[in-house]
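The next block is query18.txt, given as compact mmCIF, N, CA and C atoms.
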# COMPACT_ATOMS: atom_id res chain seq x y z
N MET K 10 222.03 8.70 154.43
CA MET K 10 221.31 9.87 153.95
C MET K 10 220.35 9.42 152.85
N ASP K 11 219.11 9.89 152.92
CA ASP K 11 218.12 9.50 151.94
C ASP K 11 217.99 10.54 150.84
N CYS K 12 217.62 10.06 149.68
CA CYS K 12 217.36 10.95 148.55
C CYS K 12 215.89 11.35 148.64
N PRO K 13 215.58 12.66 148.87
CA PRO K 13 214.19 13.06 149.05
C PRO K 13 213.33 12.83 147.82
N LYS K 14 213.94 12.85 146.64
CA LYS K 14 213.18 12.71 145.40
C LYS K 14 212.64 11.30 145.21
N CYS K 15 213.48 10.30 145.53
CA CYS K 15 213.06 8.92 145.26
C CYS K 15 212.97 8.07 146.51
N ASN K 16 213.24 8.67 147.68
CA ASN K 16 213.15 7.98 148.96
C ASN K 16 214.01 6.71 148.99
N GLN K 17 215.18 6.78 148.40
CA GLN K 17 216.13 5.68 148.43
C GLN K 17 217.37 6.14 149.17
N ASP K 18 218.15 5.18 149.60
CA ASP K 18 219.45 5.49 150.15
C ASP K 18 220.23 6.23 149.06
N SER K 19 221.03 7.22 149.44
CA SER K 19 221.72 8.04 148.45
C SER K 19 222.65 7.24 147.55
N TYR K 20 223.28 6.17 148.09
CA TYR K 20 224.16 5.36 147.25
C TYR K 20 223.37 4.63 146.19
N ASP K 21 222.19 4.13 146.55
CA ASP K 21 221.34 3.47 145.57
C ASP K 21 220.84 4.47 144.54
N ALA K 22 220.55 5.70 144.99
CA ALA K 22 220.09 6.72 144.07
C ALA K 22 221.18 7.07 143.06
N ILE K 23 222.42 7.17 143.55
CA ILE K 23 223.54 7.45 142.65
C ILE K 23 223.68 6.32 141.64
N ALA K 24 223.62 5.08 142.12
CA ALA K 24 223.76 3.93 141.23
C ALA K 24 222.66 3.90 140.19
N ALA K 25 221.43 4.27 140.60
CA ALA K 25 220.31 4.25 139.66
C ALA K 25 220.48 5.32 138.58
N LEU K 26 221.06 6.44 138.95
CA LEU K 26 221.21 7.53 138.00
C LEU K 26 222.45 7.38 137.11
N ARG K 27 223.46 6.73 137.63
CA ARG K 27 224.72 6.62 136.89
C ARG K 27 225.17 5.16 136.86
N PRO K 28 224.94 4.45 135.75
CA PRO K 28 225.33 3.04 135.68
C PRO K 28 226.81 2.80 135.99
N GLU K 29 227.66 3.76 135.65
CA GLU K 29 229.09 3.57 135.94
C GLU K 29 229.36 3.57 137.44
N ALA K 30 228.45 4.17 138.23
CA ALA K 30 228.62 4.17 139.68
C ALA K 30 228.51 2.75 140.23
N ILE K 31 227.67 1.94 139.60
CA ILE K 31 227.54 0.54 140.01
C ILE K 31 228.86 -0.17 139.79
N LYS K 32 229.49 0.07 138.64
CA LYS K 32 230.77 -0.55 138.34
C LYS K 32 231.85 -0.09 139.31
N ALA K 33 231.73 1.14 139.81
CA ALA K 33 232.72 1.68 140.75
C ALA K 33 232.49 1.18 142.16
N GLY K 34 231.41 0.41 142.38
CA GLY K 34 231.18 -0.18 143.69
C GLY K 34 230.11 0.49 144.52
N PHE K 35 229.43 1.50 144.00
CA PHE K 35 228.36 2.12 144.77
C PHE K 35 227.12 1.26 144.67
N GLY K 36 226.28 1.32 145.65
CA GLY K 36 225.05 0.54 145.66
C GLY K 36 224.81 0.05 147.06
N ASP K 37 224.95 -1.27 147.27
CA ASP K 37 224.70 -1.83 148.59
C ASP K 37 225.65 -1.28 149.64
N LYS K 38 226.89 -1.19 149.32
CA LYS K 38 227.90 -0.72 150.27
C LYS K 38 228.87 0.19 149.53
N PRO K 39 229.12 1.38 150.06
CA PRO K 39 230.06 2.27 149.37
C PRO K 39 231.45 1.65 149.34
N GLN K 40 232.11 1.78 148.21
CA GLN K 40 233.45 1.24 148.00
C GLN K 40 234.30 2.35 147.38
N HIS K 41 235.60 2.25 147.60
CA HIS K 41 236.46 3.23 146.94
C HIS K 41 236.65 2.83 145.48
N THR K 42 237.10 3.77 144.69
CA THR K 42 237.38 3.50 143.28
C THR K 42 238.44 2.41 143.19
N PRO K 43 238.22 1.41 142.32
CA PRO K 43 239.19 0.31 142.23
C PRO K 43 240.61 0.81 141.94
N THR K 44 241.56 0.10 142.49
CA THR K 44 242.97 0.39 142.26
C THR K 44 243.47 -0.47 141.12
N PRO K 45 244.60 -0.17 140.53
CA PRO K 45 245.56 0.85 140.95
C PRO K 45 245.17 2.25 140.47
N TRP K 46 245.59 3.22 141.28
CA TRP K 46 245.43 4.61 140.89
C TRP K 46 246.75 5.08 140.30
N LYS K 47 246.68 6.12 139.49
CA LYS K 47 247.90 6.68 138.87
C LYS K 47 247.80 8.20 138.83
N ILE K 48 248.92 8.81 138.62
CA ILE K 48 249.00 10.27 138.57
C ILE K 48 249.08 10.72 137.12
N THR K 49 248.28 11.72 136.79
CA THR K 49 248.40 12.36 135.48
C THR K 49 248.48 13.87 135.71
N GLU K 50 249.30 14.49 134.95
CA GLU K 50 249.45 15.94 135.09
C GLU K 50 248.72 16.62 133.94
N ARG K 51 247.94 17.61 134.26
CA ARG K 51 247.20 18.37 133.27
C ARG K 51 247.85 19.73 133.08
N LYS K 52 247.38 20.45 132.11
CA LYS K 52 247.93 21.77 131.83
C LYS K 52 247.81 22.68 133.06
N ALA K 53 248.91 23.33 133.40
CA ALA K 53 248.92 24.26 134.53
C ALA K 53 248.37 25.61 134.08
N TYR K 54 247.64 26.23 134.97
CA TYR K 54 247.08 27.55 134.68
C TYR K 54 247.66 28.56 135.66
N PHE K 55 248.16 29.65 135.11
CA PHE K 55 248.71 30.75 135.90
C PHE K 55 249.78 30.26 136.88
N GLY K 56 250.56 29.29 136.45
CA GLY K 56 251.65 28.78 137.26
C GLY K 56 251.23 27.84 138.38
N VAL K 57 249.94 27.46 138.41
CA VAL K 57 249.45 26.54 139.44
C VAL K 57 249.40 25.14 138.84
N SER K 58 250.06 24.21 139.49
CA SER K 58 250.09 22.83 139.03
C SER K 58 248.69 22.23 139.09
N ASN K 59 248.36 21.38 138.13
CA ASN K 59 247.06 20.75 138.06
C ASN K 59 247.28 19.24 137.88
N ILE K 60 247.31 18.53 138.99
CA ILE K 60 247.60 17.10 138.96
C ILE K 60 246.34 16.33 139.30
N HIS K 61 246.05 15.31 138.50
CA HIS K 61 244.89 14.45 138.74
C HIS K 61 245.37 13.07 139.18
N ILE K 62 244.61 12.47 140.08
CA ILE K 62 244.81 11.07 140.43
C ILE K 62 243.65 10.34 139.77
N GLU K 63 243.98 9.35 138.95
CA GLU K 63 242.96 8.65 138.17
C GLU K 63 242.96 7.16 138.46
N SER K 64 241.80 6.56 138.23
CA SER K 64 241.69 5.10 138.32
C SER K 64 242.31 4.50 137.07
N GLU K 65 242.43 3.18 137.07
CA GLU K 65 243.02 2.52 135.91
C GLU K 65 242.17 2.71 134.67
N LYS K 66 240.88 3.02 134.84
CA LYS K 66 239.99 3.25 133.70
C LYS K 66 239.95 4.71 133.26
N GLY K 67 240.75 5.55 133.93
CA GLY K 67 240.85 6.94 133.53
C GLY K 67 239.89 7.89 134.21
N TYR K 68 239.12 7.42 135.21
CA TYR K 68 238.23 8.32 135.95
C TYR K 68 239.07 9.13 136.94
N THR K 69 238.82 10.43 137.01
CA THR K 69 239.52 11.26 137.98
C THR K 69 238.97 10.98 139.38
N VAL K 70 239.86 10.56 140.27
CA VAL K 70 239.49 10.28 141.66
C VAL K 70 239.58 11.58 142.45
N CYS K 71 240.65 12.34 142.24
CA CYS K 71 240.77 13.64 142.86
C CYS K 71 241.74 14.50 142.06
N ARG K 72 241.68 15.78 142.34
CA ARG K 72 242.54 16.74 141.64
C ARG K 72 243.26 17.57 142.69
N LEU K 73 244.55 17.75 142.48
CA LEU K 73 245.34 18.56 143.40
C LEU K 73 245.87 19.76 142.62
N GLU K 74 245.74 20.91 143.22
CA GLU K 74 246.25 22.14 142.62
C GLU K 74 247.14 22.85 143.62
N GLY K 75 248.15 23.48 143.12
CA GLY K 75 249.03 24.24 144.00
C GLY K 75 250.44 24.26 143.46
N LYS K 76 251.37 24.49 144.38
CA LYS K 76 252.79 24.53 144.03
C LYS K 76 253.21 23.16 143.50
N LYS K 77 253.88 23.14 142.36
CA LYS K 77 254.18 21.90 141.66
C LYS K 77 254.87 20.85 142.52
N THR K 78 255.91 21.23 143.25
CA THR K 78 256.64 20.24 144.03
C THR K 78 255.78 19.65 145.14
N GLU K 79 254.96 20.47 145.78
CA GLU K 79 254.10 19.97 146.85
C GLU K 79 252.98 19.08 146.32
N THR K 80 252.32 19.49 145.25
CA THR K 80 251.22 18.68 144.73
C THR K 80 251.74 17.36 144.15
N GLU K 81 252.90 17.38 143.52
CA GLU K 81 253.48 16.13 143.01
C GLU K 81 253.81 15.18 144.16
N THR K 82 254.39 15.72 145.23
CA THR K 82 254.75 14.90 146.39
C THR K 82 253.50 14.35 147.08
N ASP K 83 252.49 15.20 147.26
CA ASP K 83 251.25 14.76 147.88
C ASP K 83 250.56 13.69 147.04
N ALA K 84 250.49 13.92 145.73
CA ALA K 84 249.83 12.95 144.84
C ALA K 84 250.56 11.61 144.87
N ALA K 85 251.89 11.64 144.85
CA ALA K 85 252.67 10.39 144.90
C ALA K 85 252.42 9.64 146.21
N PHE K 86 252.32 10.38 147.31
CA PHE K 86 252.07 9.76 148.61
C PHE K 86 250.68 9.12 148.65
N ILE K 87 249.68 9.84 148.16
CA ILE K 87 248.31 9.32 148.15
C ILE K 87 248.23 8.04 147.31
N VAL K 88 248.79 8.08 146.10
CA VAL K 88 248.74 6.92 145.21
C VAL K 88 249.49 5.74 145.80
N LYS K 89 250.65 6.00 146.38
CA LYS K 89 251.43 4.92 147.00
C LYS K 89 250.64 4.25 148.12
N CYS K 90 250.02 5.05 148.98
CA CYS K 90 249.25 4.50 150.11
C CYS K 90 248.02 3.74 149.64
N VAL K 91 247.27 4.32 148.74
CA VAL K 91 246.05 3.67 148.26
C VAL K 91 246.38 2.36 147.54
N ASN K 92 247.38 2.38 146.69
CA ASN K 92 247.72 1.17 145.94
C ASN K 92 248.30 0.08 146.82
N ALA K 93 248.87 0.43 147.97
CA ALA K 93 249.45 -0.56 148.88
C ALA K 93 248.45 -1.07 149.91
N HIS K 94 247.31 -0.43 150.03
CA HIS K 94 246.35 -0.71 151.10
C HIS K 94 245.92 -2.18 151.16
N GLU K 95 245.46 -2.74 150.07
CA GLU K 95 244.96 -4.12 150.07
C GLU K 95 246.06 -5.10 150.50
N GLU K 96 247.26 -4.90 150.01
CA GLU K 96 248.37 -5.80 150.36
C GLU K 96 248.73 -5.66 151.84
N LEU K 97 248.69 -4.44 152.36
CA LEU K 97 248.98 -4.24 153.78
C LEU K 97 247.96 -4.94 154.67
N ILE K 98 246.69 -4.87 154.30
CA ILE K 98 245.65 -5.56 155.07
C ILE K 98 245.89 -7.07 155.00
N ARG K 99 246.20 -7.58 153.83
CA ARG K 99 246.44 -9.01 153.67
C ARG K 99 247.62 -9.46 154.53
N LEU K 100 248.71 -8.70 154.50
CA LEU K 100 249.88 -9.05 155.30
C LEU K 100 249.62 -8.92 156.80
N ALA K 101 248.86 -7.91 157.19
CA ALA K 101 248.52 -7.76 158.61
C ALA K 101 247.69 -8.94 159.10
N MET K 102 246.78 -9.42 158.27
CA MET K 102 245.97 -10.59 158.66
C MET K 102 246.82 -11.85 158.75
N ILE K 103 247.82 -11.99 157.90
CA ILE K 103 248.75 -13.12 158.00
C ILE K 103 249.52 -13.02 159.31
N LEU K 104 249.96 -11.83 159.67
CA LEU K 104 250.68 -11.63 160.92
C LEU K 104 249.79 -12.01 162.11
N VAL K 105 248.54 -11.56 162.10
CA VAL K 105 247.61 -11.91 163.18
C VAL K 105 247.45 -13.43 163.26
N SER K 106 247.27 -14.08 162.11
CA SER K 106 247.10 -15.55 162.10
C SER K 106 248.33 -16.25 162.66
N ASN K 107 249.51 -15.78 162.30
CA ASN K 107 250.75 -16.39 162.80
C ASN K 107 250.91 -16.20 164.31
N ILE K 108 250.58 -15.02 164.80
CA ILE K 108 250.65 -14.77 166.24
C ILE K 108 249.67 -15.67 166.97
N GLU K 109 248.44 -15.79 166.45
CA GLU K 109 247.45 -16.67 167.07
C GLU K 109 247.92 -18.13 167.08
N LEU K 110 248.51 -18.57 165.98
CA LEU K 110 249.01 -19.95 165.89
C LEU K 110 250.10 -20.19 166.93
N MET K 111 251.04 -19.25 167.04
CA MET K 111 252.12 -19.39 168.02
C MET K 111 251.56 -19.36 169.44
N ARG K 112 250.56 -18.51 169.69
CA ARG K 112 249.94 -18.44 171.01
C ARG K 112 249.23 -19.76 171.34
N ASP K 113 248.49 -20.28 170.35
CA ASP K 113 247.74 -21.52 170.57
C ASP K 113 248.66 -22.72 170.82
N LYS K 114 249.87 -22.68 170.27
CA LYS K 114 250.82 -23.78 170.47
C LYS K 114 251.68 -23.56 171.71
N GLY K 115 251.43 -22.44 172.42
CA GLY K 115 252.17 -22.16 173.64
C GLY K 115 253.55 -21.58 173.40
N ALA K 116 253.84 -21.21 172.19
CA ALA K 116 255.16 -20.68 171.86
C ALA K 116 255.26 -19.17 172.08
N LEU K 117 254.13 -18.54 172.39
CA LEU K 117 254.13 -17.09 172.53
C LEU K 117 253.03 -16.69 173.49
N LEU K 118 253.34 -15.77 174.35
CA LEU K 118 252.34 -15.17 175.22
C LEU K 118 252.24 -13.69 174.82
N PRO K 119 251.26 -13.36 173.96
CA PRO K 119 251.18 -11.98 173.47
C PRO K 119 250.92 -10.98 174.59
N SER K 120 251.52 -9.82 174.48
CA SER K 120 251.29 -8.74 175.44
C SER K 120 249.91 -8.14 175.21
N ASP K 121 249.46 -7.35 176.17
CA ASP K 121 248.17 -6.66 176.01
C ASP K 121 248.19 -5.76 174.78
N ASN K 122 249.32 -5.11 174.52
CA ASN K 122 249.43 -4.24 173.34
C ASN K 122 249.30 -5.04 172.05
N THR K 123 249.91 -6.24 172.03
CA THR K 123 249.83 -7.08 170.84
C THR K 123 248.40 -7.53 170.62
N ILE K 124 247.71 -7.93 171.68
CA ILE K 124 246.32 -8.36 171.57
C ILE K 124 245.44 -7.21 171.09
N THR K 125 245.67 -6.02 171.63
CA THR K 125 244.92 -4.84 171.18
C THR K 125 245.16 -4.57 169.71
N ALA K 126 246.41 -4.64 169.28
CA ALA K 126 246.74 -4.41 167.87
C ALA K 126 246.08 -5.47 166.99
N MET K 127 246.11 -6.72 167.41
CA MET K 127 245.49 -7.79 166.64
C MET K 127 243.99 -7.56 166.50
N ASN K 128 243.34 -7.15 167.59
CA ASN K 128 241.91 -6.88 167.54
C ASN K 128 241.59 -5.72 166.61
N MET K 129 242.43 -4.69 166.63
CA MET K 129 242.24 -3.55 165.74
C MET K 129 242.37 -3.97 164.29
N ILE K 130 243.37 -4.80 163.99
CA ILE K 130 243.56 -5.29 162.62
C ILE K 130 242.36 -6.12 162.19
N ARG K 131 241.90 -7.02 163.05
CA ARG K 131 240.72 -7.84 162.73
C ARG K 131 239.49 -6.97 162.48
N ASP K 132 239.26 -5.99 163.35
CA ASP K 132 238.10 -5.10 163.19
C ASP K 132 238.18 -4.31 161.89
N PHE K 133 239.38 -3.83 161.58
CA PHE K 133 239.56 -3.06 160.35
C PHE K 133 239.31 -3.93 159.13
N ALA K 134 239.87 -5.14 159.13
CA ALA K 134 239.70 -6.06 158.00
C ALA K 134 238.22 -6.45 157.86
N LYS K 135 237.55 -6.65 159.00
CA LYS K 135 236.13 -7.01 158.97
C LYS K 135 235.32 -5.87 158.36
N ALA K 136 235.63 -4.65 158.74
CA ALA K 136 234.93 -3.49 158.19
C ALA K 136 235.16 -3.36 156.70
N GLU K 137 236.31 -3.83 156.25
CA GLU K 137 236.62 -3.79 154.81
C GLU K 137 236.02 -4.98 154.07
N GLY K 138 235.41 -5.91 154.82
CA GLY K 138 234.83 -7.07 154.19
C GLY K 138 235.82 -8.17 153.88
N LYS K 139 236.92 -8.21 154.59
CA LYS K 139 237.98 -9.21 154.34
C LYS K 139 237.86 -10.36 155.30
This entry written out as structure tokens:
Amino acid sequence: MDCPKCNQDSYDAIAALRPEAIKAGFGDKPQHTPTPWKITERKAYFGVSNIHIESEKGYTVCRLEGKKTETETDAAFIVKCVNAHEELIRLAMILVSNIELMRDKGALLPSDNTITAMNMIRDFAKAEGK
């Protein structure tokens, strides 16, 4: 999407207007807010829970409002998944490498499902720049 005012890609426009956006990874390629993320609870209004998920630098990544038990559970799940993402990709790539090594040495004949899964992992890691 282009910025009509400056005829730049919108990510570049954001980076130009907000120097902190560059630090957050916006610019050439959009990136998520650096991890680890953490949960902070803010003052509840009218009995509605107000939970924020923040970056390690204290920037609010998202805010969840609603019933306290549900928003706390959802926030914990989001933070757990996001913080584990990089390690899961790393481990999945190790698994792919090990399967390829065993296949190349003739110790394993991967099934079509295994090959499909390996290709999906490779494609995902490539899209992430890994």
Review point. Can you list, as a list in words, every protein, DNA or RNA residue that comes within 5 Å of Ile60 of chain K when you count only N, CA and C atoms, leaving out same-chain residues fewer than 2 positions away?
Key: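 The contact residues come out as Thr49, Glu50, Arg51, Ser58, Ile62, Arg72 and Leu73 of chain K.
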Take the residues from that selection and write them out as a PDB file, keeping the file's coordinate frame, keeping N, CA and C atoms.
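And here's part07.pdb as it stands now:
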ATOM      1  N   THR K  49     248.280  11.720 136.790  1.00  0.00           N
ATOM      2  CA  THR K  49     248.400  12.360 135.480  1.00  0.00           C
ATOM      3  C   THR K  49     248.480  13.870 135.710  1.00  0.00           C
ATOM      4  N   GLU K  50     249.300  14.490 134.950  1.00  0.00           N
ATOM      5  CA  GLU K  50     249.450  15.940 135.090  1.00  0.00           C
ATOM      6  C   GLU K  50     248.720  16.620 133.940  1.00  0.00           C
ATOM      7  N   ARG K  51     247.940  17.610 134.260  1.00  0.00           N
ATOM      8  CA  ARG K  51     247.200  18.370 133.270  1.00  0.00           C
ATOM      9  C   ARG K  51     247.850  19.730 133.080  1.00  0.00           C
ATOM     10  N   SER K  58     250.060  24.210 139.490  1.00  0.00           N
ATOM     11  CA  SER K  58     250.090  22.830 139.030  1.00  0.00           C
ATOM     12  C   SER K  58     248.690  22.230 139.090  1.00  0.00           C
ATOM     13  N   ILE K  62     244.610  12.470 140.080  1.00  0.00           N
ATOM     14  CA  ILE K  62     244.810  11.070 140.430  1.00  0.00           C
ATOM     15  C   ILE K  62     243.650  10.340 139.770  1.00  0.00           C
ATOM     16  N   ARG K  72     241.680  15.780 142.340  1.00  0.00           N
ATOM     17  CA  ARG K  72     242.540  16.740 141.640  1.00  0.00           C
ATOM     18  C   ARG K  72     243.260  17.570 142.690  1.00  0.00           C
ATOM     19  N   LEU K  73     244.550  17.750 142.480  1.00  0.00           N
ATOM     20  CA  LEU K  73     245.340  18.560 143.400  1.00  0.00           C
ATOM     21  C   LEU K  73     245.870  19.760 142.620  1.00  0.00           C
TER      22      LEU K  73
END
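Nearest to Arg99 of chain K of all the residues K:Val57, K:Arg112, K:Ala134, K:Pro43 is K:Ala134, based on only N, CA and C atoms.
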Exercise for review: Please measure the separation of atom CA of Lys77 of chain K and atom CA of Asn59 of chain K, giving the value in Å to one decimal.
Suggested key: 8.1 Å
Point to revise | Given all atoms listed in the file as the counted atoms, nearest of K:Ile108, K:His41, K:Ala136, K:Trp46 to Asn92 of chain K | key: K:Trp46
Point to revise | Distance in Å - atom CA of Ala85 of chain K versus atom CA of Ile48 of chain K | key: 7.3 Å
Study note, to complete from the structure: As a check of understanding: the span from atom CA of Ala53 of chain K to atom CA of Gly75 of chain K is 9.5 Å
Exercise for review: May I have the residues within 12 Å of Asn107 of chain K as a list in words, using only C-alpha atoms and disregarding those fewer than 5 positions away in the same chain?
Suggested key: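 Residues near the query, excluding close chain neighbours: Leu100, Ala101, Met102, Arg112, Asp113, Lys114, Ala116, Leu117, Pro119 and Met127 of chain K.
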Show me, as a JSON list (two decimals) with N, CA and C atoms, keeping the file's coordinate frame, the residues that have an atom within 10 Å of Ala93 of chain K when counting only C-alpha atoms, minus same-chain residues fewer than 6 positions from it.
[["chain", "number", "residue", "atom", "x", "y", "z"],
["K", 44, "THR", "N", 241.56, 0.10, 142.49],
["K", 44, "THR", "CA", 242.97, 0.39, 142.26],
["K", 44, "THR", "C", 243.47, -0.47, 141.12],
["K", 45, "PRO", "N", 244.60, -0.17, 140.53],
["K", 45, "PRO", "CA", 245.56, 0.85, 140.95],
["K", 45, "PRO", "C", 245.17, 2.25, 140.47],
["K", 87, "ILE", "N", 249.68, 9.84, 148.16],
["K", 87, "ILE", "CA", 248.31, 9.32, 148.15],
["K", 87, "ILE", "C", 248.23, 8.04, 147.31]]
